[in-house]
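To be precise, the following lines are coords26.txt, and they hold compact mmCIF, C-alpha atoms and all ligand atoms.
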# COMPACT_ATOMS: atom_id res chain seq x y z
CA MET A 601 -106.55 -21.73 -4.65
CA THR A 602 -109.89 -20.99 -2.99
CA LEU A 603 -111.31 -17.49 -3.03
CA LYS A 604 -111.21 -16.31 0.58
CA ALA A 605 -112.01 -12.59 0.34
CA ILE A 606 -113.54 -9.97 -1.91
CA ILE A 607 -112.08 -6.47 -1.59
CA PHE A 608 -114.40 -3.65 -2.63
CA ASP A 609 -113.47 -0.23 -3.92
CA ILE A 610 -116.14 2.25 -2.82
CA ASP A 611 -116.32 5.34 -5.03
CA GLY A 612 -117.64 4.34 -8.43
CA THR A 613 -117.76 0.61 -7.64
CA PHE A 614 -119.93 0.17 -4.56
CA ALA A 615 -122.01 3.24 -5.46
CA GLU A 616 -121.90 5.94 -8.15
CA THR A 617 -120.66 8.55 -5.71
CA GLU A 618 -118.54 10.73 -7.98
CA GLU A 619 -121.37 13.07 -9.00
CA ALA A 620 -122.14 13.59 -5.30
CA HIS A 621 -118.45 14.30 -4.62
CA ARG A 622 -118.33 16.74 -7.57
CA ALA A 623 -121.49 18.54 -6.45
CA ALA A 624 -120.12 18.78 -2.90
CA PHE A 625 -116.82 20.25 -4.15
CA ASN A 626 -118.77 22.84 -6.17
CA THR A 627 -121.02 23.77 -3.21
CA ALA A 628 -117.93 24.16 -1.00
CA PHE A 629 -116.34 26.41 -3.65
CA GLU A 630 -119.51 28.55 -3.64
CA LYS A 631 -119.57 28.75 0.18
CA TRP A 632 -115.98 29.97 0.11
CA ASP A 633 -116.79 32.39 -2.71
CA LEU A 634 -113.96 31.01 -4.82
CA GLY A 635 -115.62 31.38 -8.20
CA TRP A 636 -114.48 27.88 -9.20
CA HIS A 637 -116.68 25.27 -10.83
CA TRP A 638 -115.77 21.69 -11.75
CA ASP A 639 -117.88 20.52 -14.67
CA VAL A 640 -118.11 16.87 -15.76
CA GLU A 641 -115.38 17.24 -18.39
CA LEU A 642 -112.91 18.83 -16.00
CA TYR A 643 -113.80 16.40 -13.20
CA SER A 644 -113.08 13.43 -15.52
CA LYS A 645 -109.54 14.72 -15.88
CA LEU A 646 -109.19 15.58 -12.19
CA LEU A 647 -110.28 12.07 -11.19
CA GLU A 648 -106.88 10.86 -12.39
CA ILE A 649 -105.68 12.29 -9.08
CA THR A 650 -107.27 10.10 -6.41
CA GLY A 651 -108.15 11.56 -3.02
CA GLY A 652 -110.11 14.78 -2.63
CA LYS A 653 -107.34 16.77 -0.91
CA GLU A 654 -104.78 15.65 -3.48
CA ARG A 655 -107.23 16.53 -6.28
CA LEU A 656 -107.73 20.03 -4.87
CA ARG A 657 -104.00 20.58 -4.48
CA HIS A 658 -103.42 19.42 -8.06
CA PHE A 659 -106.13 21.80 -9.32
CA VAL A 660 -104.68 24.77 -7.48
CA ARG A 661 -101.16 24.01 -8.72
CA HIS A 662 -101.86 23.06 -12.30
CA TYR A 663 -105.07 24.79 -13.39
CA ASP A 664 -104.21 28.29 -12.24
CA PRO A 665 -107.73 28.81 -10.86
CA GLU A 666 -107.25 32.48 -10.12
CA GLY A 667 -105.96 33.26 -13.59
CA GLY A 668 -102.45 34.06 -12.47
CA SER A 669 -103.38 36.38 -9.60
CA HIS A 670 -100.72 34.84 -7.33
CA PHE A 671 -103.42 33.25 -5.19
CA ILE A 672 -101.87 30.69 -2.90
CA MET A 673 -103.85 28.02 -1.12
CA ASP A 674 -101.71 26.32 1.47
CA ASP A 675 -102.20 22.82 2.83
CA GLU A 676 -104.15 24.07 5.84
CA MET A 677 -106.65 25.83 3.59
CA ILE A 678 -106.90 22.73 1.40
CA TRP A 679 -107.67 20.64 4.49
CA SER A 680 -110.37 22.98 5.68
CA LEU A 681 -111.95 23.40 2.23
CA HIS A 682 -111.92 19.61 1.87
CA ASN A 683 -113.52 19.23 5.31
CA ARG A 684 -116.31 21.56 4.23
CA LYS A 685 -116.77 19.52 1.05
CA THR A 686 -116.84 16.29 3.07
CA GLU A 687 -119.58 17.62 5.41
CA ILE A 688 -121.70 18.60 2.41
CA TYR A 689 -121.12 15.19 0.78
CA MET A 690 -121.96 13.34 3.99
CA ASP A 691 -125.24 15.22 4.50
CA ARG A 692 -126.31 14.22 1.01
CA VAL A 693 -125.35 10.54 0.97
CA ARG A 694 -126.52 9.92 4.54
CA GLY A 695 -130.04 10.71 3.33
CA GLY A 696 -129.87 7.87 0.79
CA SER A 697 -129.40 10.02 -2.34
CA VAL A 698 -126.74 7.64 -3.73
CA PRO A 699 -127.86 4.00 -3.91
CA LEU A 700 -125.68 0.91 -4.19
CA ARG A 701 -124.78 0.00 -7.76
CA PRO A 702 -126.84 -2.84 -9.27
CA GLY A 703 -125.63 -6.28 -8.24
CA ILE A 704 -123.53 -5.14 -5.25
CA ALA A 705 -126.05 -6.17 -2.58
CA LEU A 706 -126.33 -9.65 -4.09
CA VAL A 707 -122.55 -10.16 -4.21
CA ILE A 708 -122.33 -9.14 -0.54
CA LYS A 709 -125.20 -11.47 0.44
CA GLU A 710 -123.83 -14.46 -1.48
CA ALA A 711 -120.29 -13.92 -0.23
CA ARG A 712 -121.51 -13.90 3.36
CA GLU A 713 -123.54 -17.07 2.77
CA LYS A 714 -120.47 -18.78 1.31
CA GLY A 715 -118.19 -17.64 4.14
CA ILE A 716 -116.07 -15.46 1.83
CA LYS A 717 -114.68 -12.49 3.73
CA LEU A 718 -115.52 -8.92 2.75
CA ALA A 719 -113.09 -6.01 2.81
CA ILE A 720 -112.85 -2.39 1.65
CA ALA A 721 -109.93 -0.53 0.06
CA THR A 722 -110.95 3.05 -0.64
CA THR A 723 -109.24 6.36 -1.27
CA THR A 724 -111.97 8.23 0.60
CA ASN A 725 -112.05 8.36 4.41
CA MET A 726 -113.89 6.72 7.30
CA LYS A 727 -116.47 9.46 7.94
CA PRO A 728 -117.75 9.68 4.35
CA LEU A 729 -117.63 5.88 4.13
CA LYS A 730 -119.84 5.61 7.23
CA ALA A 731 -122.25 8.21 5.83
CA LEU A 732 -122.57 6.19 2.62
CA PHE A 733 -123.33 3.05 4.62
CA GLU A 734 -125.95 4.97 6.64
CA GLY A 735 -127.66 5.89 3.37
CA THR A 736 -127.45 2.41 1.83
CA LEU A 737 -126.99 -0.85 3.76
CA GLY A 738 -127.19 0.74 7.22
CA ILE A 739 -124.24 1.47 9.48
CA ALA A 740 -124.41 -1.97 11.15
CA ALA A 741 -123.43 -3.55 7.81
CA LEU A 742 -119.96 -2.01 8.09
CA ARG A 743 -119.23 -4.78 10.60
CA TRP A 744 -119.59 -7.36 7.82
CA PHE A 745 -116.33 -5.99 6.39
CA GLU A 746 -113.47 -7.65 8.17
CA ALA A 747 -110.79 -5.27 6.91
CA ILE A 748 -111.21 -1.62 5.96
CA ALA A 749 -108.40 0.53 4.57
CA VAL A 750 -109.13 4.22 3.88
CA GLY A 751 -107.15 7.00 2.24
CA ASP A 752 -105.63 8.71 5.25
CA MET A 753 -104.28 5.42 6.66
CA VAL A 754 -101.61 5.19 3.95
CA GLU A 755 -98.83 7.30 2.57
CA ASN A 756 -99.67 6.85 -1.09
CA LYS A 757 -103.18 6.61 -2.51
CA LYS A 758 -104.19 4.65 -5.64
CA PRO A 759 -102.66 3.83 -8.13
CA ALA A 760 -100.02 2.99 -5.51
CA PRO A 761 -100.58 -0.45 -3.93
CA ASP A 762 -100.57 0.84 -0.31
CA LEU A 763 -104.34 0.61 0.34
CA TYR A 764 -104.54 -2.94 -1.02
CA LEU A 765 -101.40 -4.04 0.82
CA LEU A 766 -102.84 -2.69 4.08
CA THR A 767 -106.15 -4.47 3.41
CA LEU A 768 -104.34 -7.77 2.79
CA GLU A 769 -102.32 -7.31 5.96
CA LYS A 770 -105.51 -6.65 7.97
CA LEU A 771 -107.16 -9.71 6.41
CA GLY A 772 -104.09 -11.84 7.01
CA LEU A 773 -104.42 -13.21 3.48
CA ARG A 774 -102.21 -13.46 0.39
CA PRO A 775 -103.18 -11.64 -2.80
CA ASP A 776 -103.82 -14.94 -4.61
CA GLU A 777 -106.55 -15.73 -2.05
CA CYS A 778 -108.51 -12.55 -2.82
CA ILE A 779 -110.14 -10.65 -5.64
CA ALA A 780 -110.60 -6.87 -6.02
CA LEU A 781 -113.68 -5.11 -7.40
CA GLU A 782 -112.83 -1.78 -9.00
CA ASP A 783 -114.23 0.78 -11.43
CA SER A 784 -111.18 2.69 -12.61
CA ARG A 785 -107.75 2.30 -14.16
CA SER A 786 -106.08 3.78 -11.08
CA GLY A 787 -107.91 1.22 -8.94
CA LEU A 788 -106.91 -1.62 -11.25
CA ASP A 789 -103.27 -0.50 -11.20
CA ALA A 790 -103.31 -0.25 -7.39
CA ALA A 791 -104.74 -3.76 -7.01
CA ALA A 792 -102.39 -5.23 -9.62
CA ALA A 793 -99.37 -3.64 -7.94
CA ALA A 794 -100.42 -5.44 -4.74
CA GLY A 795 -100.59 -8.74 -6.67
CA LEU A 796 -104.40 -8.96 -6.87
CA GLU A 797 -106.65 -10.02 -9.73
CA THR A 798 -109.43 -7.51 -10.43
CA VAL A 799 -112.94 -7.46 -11.85
CA ILE A 800 -113.98 -4.09 -13.25
CA THR A 801 -117.43 -2.50 -13.39
CA VAL A 802 -117.21 0.67 -15.45
CA ASN A 803 -119.28 3.82 -14.96
CA THR A 804 -119.77 7.04 -16.91
CA TYR A 805 -116.44 8.43 -15.72
CA THR A 806 -114.42 5.30 -16.53
CA GLN A 807 -116.19 3.69 -19.50
CA ASP A 808 -113.55 4.90 -21.98
CA GLN A 809 -110.57 3.75 -19.93
CA GLU A 810 -108.55 0.65 -20.79
CA PHE A 811 -108.17 -2.15 -18.29
CA PRO A 812 -105.22 -4.34 -19.33
CA GLY A 813 -104.94 -7.51 -17.31
CA ALA A 814 -108.38 -7.25 -15.66
CA LEU A 815 -110.12 -10.59 -15.07
CA ALA A 816 -113.30 -9.19 -16.62
CA VAL A 817 -114.88 -5.85 -17.45
CA PHE A 818 -118.63 -5.47 -16.87
CA SER A 819 -121.07 -2.57 -17.14
CA ASN A 820 -122.37 -3.52 -13.75
CA LEU A 821 -122.43 -6.57 -11.49
CA THR A 822 -125.84 -7.78 -12.66
CA GLU A 823 -123.86 -9.12 -15.66
CA LEU A 824 -122.01 -11.39 -13.27
CA ALA A 825 -123.46 -14.85 -12.63
CA GLY A 826 -123.16 -14.30 -8.89
CA VAL A 827 -120.23 -14.96 -6.60
CA ALA A 828 -119.90 -18.40 -8.21
CA GLN A 829 -118.54 -16.68 -11.33
CA LEU A 830 -116.08 -14.66 -9.25
CA GLN A 831 -114.93 -17.93 -7.67
CA SER A 832 -114.50 -19.67 -11.03
CA MET A 833 -112.68 -16.71 -12.65
CA HIS A 834 -110.36 -16.57 -9.66
CA GLN A 835 -109.77 -20.34 -9.72
CA ASN A 836 -109.06 -20.41 -13.47
CA LYS A 837 -106.60 -17.54 -13.21
CA GLN A 838 -104.70 -19.14 -10.35
CA THR A 839 -104.51 -22.46 -12.25
CA GLU A 840 -103.31 -20.64 -15.38
CA LYS A 841 -100.57 -18.91 -13.34
CA GLN A 842 -99.36 -22.23 -11.92
CA THR A 843 -99.03 -23.93 -15.33
C1 LIG B 901 -112.06 7.78 -5.26
C2 LIG B 901 -111.46 9.07 -4.99
C3 LIG B 901 -111.99 9.89 -3.93
C4 LIG B 901 -113.31 10.55 -4.15
C5 LIG B 901 -113.45 11.68 -3.19
O1 LIG B 901 -111.04 6.90 -5.75
O2 LIG B 901 -110.51 9.45 -5.62
O3 LIG B 901 -111.07 10.92 -3.78
O4 LIG B 901 -113.36 11.09 -5.47
O5 LIG B 901 -113.25 11.28 -1.88
P1 LIG B 901 -111.17 5.32 -5.62
P2 LIG B 901 -112.53 12.22 -0.81
O6 LIG B 901 -112.60 4.94 -5.95
O7 LIG B 901 -110.19 4.79 -6.62
O8 LIG B 901 -110.82 4.94 -4.20
O9 LIG B 901 -112.83 13.64 -1.17
O10 LIG B 901 -113.15 11.81 0.51
O11 LIG B 901 -111.06 11.90 -0.89
MG MG B 902 -113.30 3.91 -7.59

Could you render the structure from this file as structure tokens?
Amino acid sequence: MTLKAIIFDIDGTFAETEEAHRAAFNTAFEKWDLGWHWDVELYSKLLEITGGKERLRHFVRHYDPEGGSHFIMDDEMIWSLHNRKTEIYMDRVRGGSVPLRPGIALVIKEAREKGIKLAIATTTNMKPLKALFEGTLGIAALRWFEAIAVGDMVENKKPAPDLYLLTLEKLGLRPDECIALEDSRSGLDAAAAAGLETVITVNTYTQDQEFPGALAVFSNLTELAGVAQLQSMHQNKQTEKQT
């Protein structure tokens, strides 16, 4: 089975964006005078909930941020606080403060040369995705990606398979014709639930996670011998499954 498409996760895989997301959440909390602060340790736990709005809702419900003062933040407030956070995040990444992770640009270049399709399956949304492209490859590069599925297009975010299933549908390909690039356990579980094989590149937030069933786990994509290695790992796995 030939490799026909590579599906990229964005946050943590394409670029180390999570510190920029965390900083933007904290600045939004300050602007709203909430007295909340998400440090690295807390954010590591909160990252188990994918999607910024879902993460905020989870925090409000389960971390009792107002110390039991009966403070209620309804969905409308969560949306508007998250919008504020997103604007702050976009201003920062648009300026180029978050570069692509090592090896990503080469994988994209080689895939295009080989005629392998590119796609994106991300829990974040279109506006922050565009801002990240503006600050990295340039907005025109978004057109290289034949299928893009973002958080608000689906009912259930990762680790549910919805984003990957939508990406496959948009590509018009079967899961055994594609490979996913992810950085987290929730991303791996989402891809696996959609029937995809996954290569992991860990980062500071995910380095201690376990990745059962992943095709390979790398520190970053410079450890990969180019797209040729993705093609051979994919080929070997498909052969193994058939025998
Ligand atoms: C990334 C996320 C996102 C970002 C924040 O998960 O969970 O929520 O942390 O983005 P993945 P938004 O890399 O698995 O897609 O605030 O725009 O949701
Ligand atoms: Mg990720």

Could you name the residues that touch Trp636 (chain A) at 8 Å or less, counting all atoms listed in the file, but leaving out those on the same chain fewer than 2 positions away, as a PDB file with C-alpha atoms, keeping the file's coordinate frame?
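Final file, result14.pdb:
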ATOM      1  CA  ASN A 626    -118.770  22.840  -6.170  1.00  0.00           C
ATOM      2  CA  PHE A 629    -116.340  26.410  -3.650  1.00  0.00           C
ATOM      3  CA  GLU A 630    -119.510  28.550  -3.640  1.00  0.00           C
ATOM      4  CA  LEU A 634    -113.960  31.010  -4.820  1.00  0.00           C
ATOM      5  CA  TRP A 638    -115.770  21.690 -11.750  1.00  0.00           C
ATOM      6  CA  PRO A 665    -107.730  28.810 -10.860  1.00  0.00           C
TER       7      PRO A 665
END

Could you produce a table of the residues of chain A lying within 6 Å of ligand LIG 901 (chain B), with the nearest pair of atoms per residue and their separation in Å rounded to one decimal, using all atoms listed in the file, ordered by chain and increasing residue number, as a tab-separated table?
residue	atom	partner	partner_atom	distance
A:Asp609	CA	B:LIG901	O6	5.6
A:Ile610	CA	B:LIG901	O6	5.4
A:Asp611	CA	B:LIG901	O6	3.9
A:Gly612	CA	B:LIG901	O6	5.6
A:Glu618	CA	B:LIG901	O4	5.8
A:His621	CA	B:LIG901	C5	5.8
A:Thr650	CA	B:LIG901	O2	3.4
A:Gly651	CA	B:LIG901	O3	3.1
A:Gly652	CA	B:LIG901	O9	3.3
A:Thr722	CA	B:LIG901	O8	4.0
A:Thr723	CA	B:LIG901	O8	3.6
A:Thr724	CA	B:LIG901	O10	3.8
A:Asn725	CA	B:LIG901	O10	5.3
A:Gly787	CA	B:LIG901	O7	4.8

Review point. Nearest to ligand MG 902 (chain B) among A:Thr801, A:Thr613, A:Gln807, A:Asn820, with distances taken over only C-alpha atoms and all ligand atoms: which residue is it?
Key: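 Distance minimum relative to ligand MG 902 (chain B) lands on A:Thr613.
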
Review point. Do you know which residues are at most 8 Å from Tyr689 (chain A) counting all atoms listed in the file, after dropping those on the same chain fewer than 3 positions away, and could you put them as a PyMOL selection string?
Key: chain A and resi 620-621+623-624+685-686+692-693+728

Check your understanding: Which residue gives the smallest distance to Leu788 (chain A) among A:Leu706, A:Leu768, A:Val827, A:Val817, with only C-alpha atoms counted?
Key ->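 Looking at the shortest contact to Leu788 (chain A), the residue is A:Val817.
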
Practice item. Could you tell me how far CA of Leu765 (chain A) lies from CA of Glu746 (chain A), in Å and to one decimal? Key: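 Interatomic distance, CA of Leu765 (chain A) to CA of Glu746 (chain A): 14.6 Å.
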
Review point. With distances taken over only C-alpha atoms, which of A:Ser784, A:Ser644, A:Thr822, A:Thr602 is nearest to Ile704 (chain A)?
Key: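 Selected residue with least distance to Ile704 (chain A): A:Thr822.
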
Exercise for review: Using only C-alpha atoms, give me every residue within 7 Å of (-129.0, -0.2, 1.5) in file coordinates, as number ranges by chain.
Suggested key: A: 699-700, 735-738
